[in-house]
$ cat start-v2.txt   # compact mmCIF, C-alpha atoms
# COMPACT_ATOMS: atom_id res chain seq x y z
CA MET A 26 -17.96 -4.64 -0.30
CA LEU A 27 -16.49 -5.45 -3.71
CA ALA A 28 -14.72 -2.08 -3.80
CA LEU A 29 -13.26 -2.69 -0.34
CA ARG A 30 -12.11 -6.16 -1.32
CA MET A 31 -10.47 -4.80 -4.45
CA TYR A 32 -8.73 -2.09 -2.40
CA VAL A 33 -7.42 -4.59 0.16
CA GLU A 34 -6.18 -6.83 -2.65
CA GLY A 35 -4.07 -3.96 -4.01
CA SER A 36 -6.18 -2.21 -6.62
CA SER A 37 -5.84 1.54 -6.70
CA GLN A 38 -8.79 3.78 -5.97
CA GLN A 39 -8.63 5.04 -9.56
CA SER A 40 -8.91 1.56 -11.01
CA ILE A 41 -11.78 0.70 -8.66
CA ASP A 42 -13.81 3.76 -9.67
CA ARG A 43 -13.12 3.07 -13.34
CA ILE A 44 -14.15 -0.61 -13.10
CA LEU A 45 -17.25 -0.02 -10.96
CA LYS A 46 -18.17 3.15 -12.91
CA VAL A 47 -18.53 5.36 -9.83
CA SER A 48 -16.87 8.64 -8.92
CA PRO A 49 -13.45 8.64 -7.25
CA GLN A 50 -14.95 10.44 -4.24
CA THR A 51 -17.50 7.64 -3.80
CA VAL A 52 -14.73 5.04 -3.57
CA ALA A 53 -12.81 7.20 -1.09
CA ASN A 54 -15.97 7.63 1.00
CA TRP A 55 -16.63 3.86 1.04
CA ILE A 56 -13.09 3.13 2.20
CA SER A 57 -13.12 5.90 4.79
CA SER A 58 -16.51 4.83 6.14
CA TYR A 59 -15.44 1.22 6.50
CA THR A 60 -12.05 1.90 8.06
CA SER A 61 -13.52 4.32 10.61
CA ARG A 62 -15.59 1.43 12.02
CA LEU A 63 -12.62 -0.90 12.48
CA PRO A 64 -11.31 -1.42 16.02
CA PRO A 65 -8.01 0.28 16.83
CA VAL A 66 -4.92 -1.82 16.28
CA GLN A 67 -2.81 -2.45 19.36
CA MET A 68 0.84 -1.95 18.57
CA PRO A 69 3.33 -4.20 20.35
CA LYS A 70 5.42 -2.45 22.99
CA LYS A 71 8.65 -3.97 21.79
CA PRO A 72 9.16 -5.94 18.57
CA HIS A 73 10.28 -9.54 18.99
CA THR A 74 11.85 -9.85 15.56
CA ALA A 75 13.10 -7.47 12.92
CA GLU A 76 13.68 -8.21 9.25
CA LEU A 77 16.14 -6.41 7.02
CA ASP A 78 15.94 -6.13 3.28
CA GLU A 79 18.86 -7.48 1.25
CA MET A 80 18.77 -4.57 -1.19
CA TYR A 81 21.63 -2.08 -1.04
CA THR A 82 21.76 1.35 -2.60
CA PHE A 83 24.94 2.67 -4.19
CA LEU A 84 25.00 6.33 -5.11
CA LYS A 85 27.65 7.53 -7.56
CA GLN A 86 29.76 4.43 -6.92
CA LYS A 87 28.88 2.31 -9.92
CA LYS A 88 32.09 1.09 -11.57
CA ASN A 89 30.64 -0.19 -14.87
CA LYS A 90 28.66 2.70 -16.31
CA ILE A 91 26.55 1.80 -19.32
CA TYR A 92 25.14 4.66 -21.35

$ encode --input "start-v2.txt" --output "structure tokens"
Amino acid sequence: MLALRMYVEGSSQQSIDRILKVSPQTVANWISSYTSRLPPVQMPKKPHTAELDEMYTFLKQKKNKIY
């Protein structure tokens, strides 16, 4: 359960196996075994709200080039 908690909290599988001193395949098996027992998630038919990110990407349009 500690490995699953660490994974849900954002730790990578590599860091979990290193901290708990188990093989990477063991961590993957634990996660796979647990997630296969979870009930299926029902997706909403139509979203009620949508959020947009404020970040814009500019390709080859930067005016002040710093090298």

$ residues_around --input "start-v2.txt" --residues "Val33 in chain A" --least-positions-apart "6" --cutoff "12 Å" --atoms "only C-alpha atoms" --output "PyMOL selection string"
chain A and resi 26-27+41+56+59-60

$ atom_distance --input "start-v2.txt" --atom1 "CA of Leu77 in chain A" --atom2 "CA of Glu34 in chain A"
24.3 Å

$ closest_residue --input "start-v2.txt" --among "A:Ala28, A:Leu63, A:Asp78, A:Pro69" --to "Lys46 in chain A" --atoms "all atoms listed in the file"
A:Ala28

$ atom_distance --input "start-v2.txt" --atom1 "CA of Gly35 in chain A" --atom2 "CA of Lys70 in chain A"
28.7 Å

$ closest_residue --input "start-v2.txt" --among "A:Ser36, A:Glu76, A:Gln67, A:Asp42" --to "Trp55 in chain A" --atoms "all atoms listed in the file"
A:Asp42

$ closest_residue --input "start-v2.txt" --among "A:Ala75, A:Ser57, A:Val52, A:Asn89" --to "Ser37 in chain A" --atoms "all atoms listed in the file"
A:Val52

$ atom_distance --input "start-v2.txt" --atom1 "CA of Ala53 in chain A" --atom2 "CA of Val66 in chain A"
21.1 Å

$ closest_residue --input "start-v2.txt" --among "A:Lys71, A:Ser58, A:Pro65, A:Val47" --to "Leu29 in chain A" --atoms "only C-alpha atoms"
A:Ser58
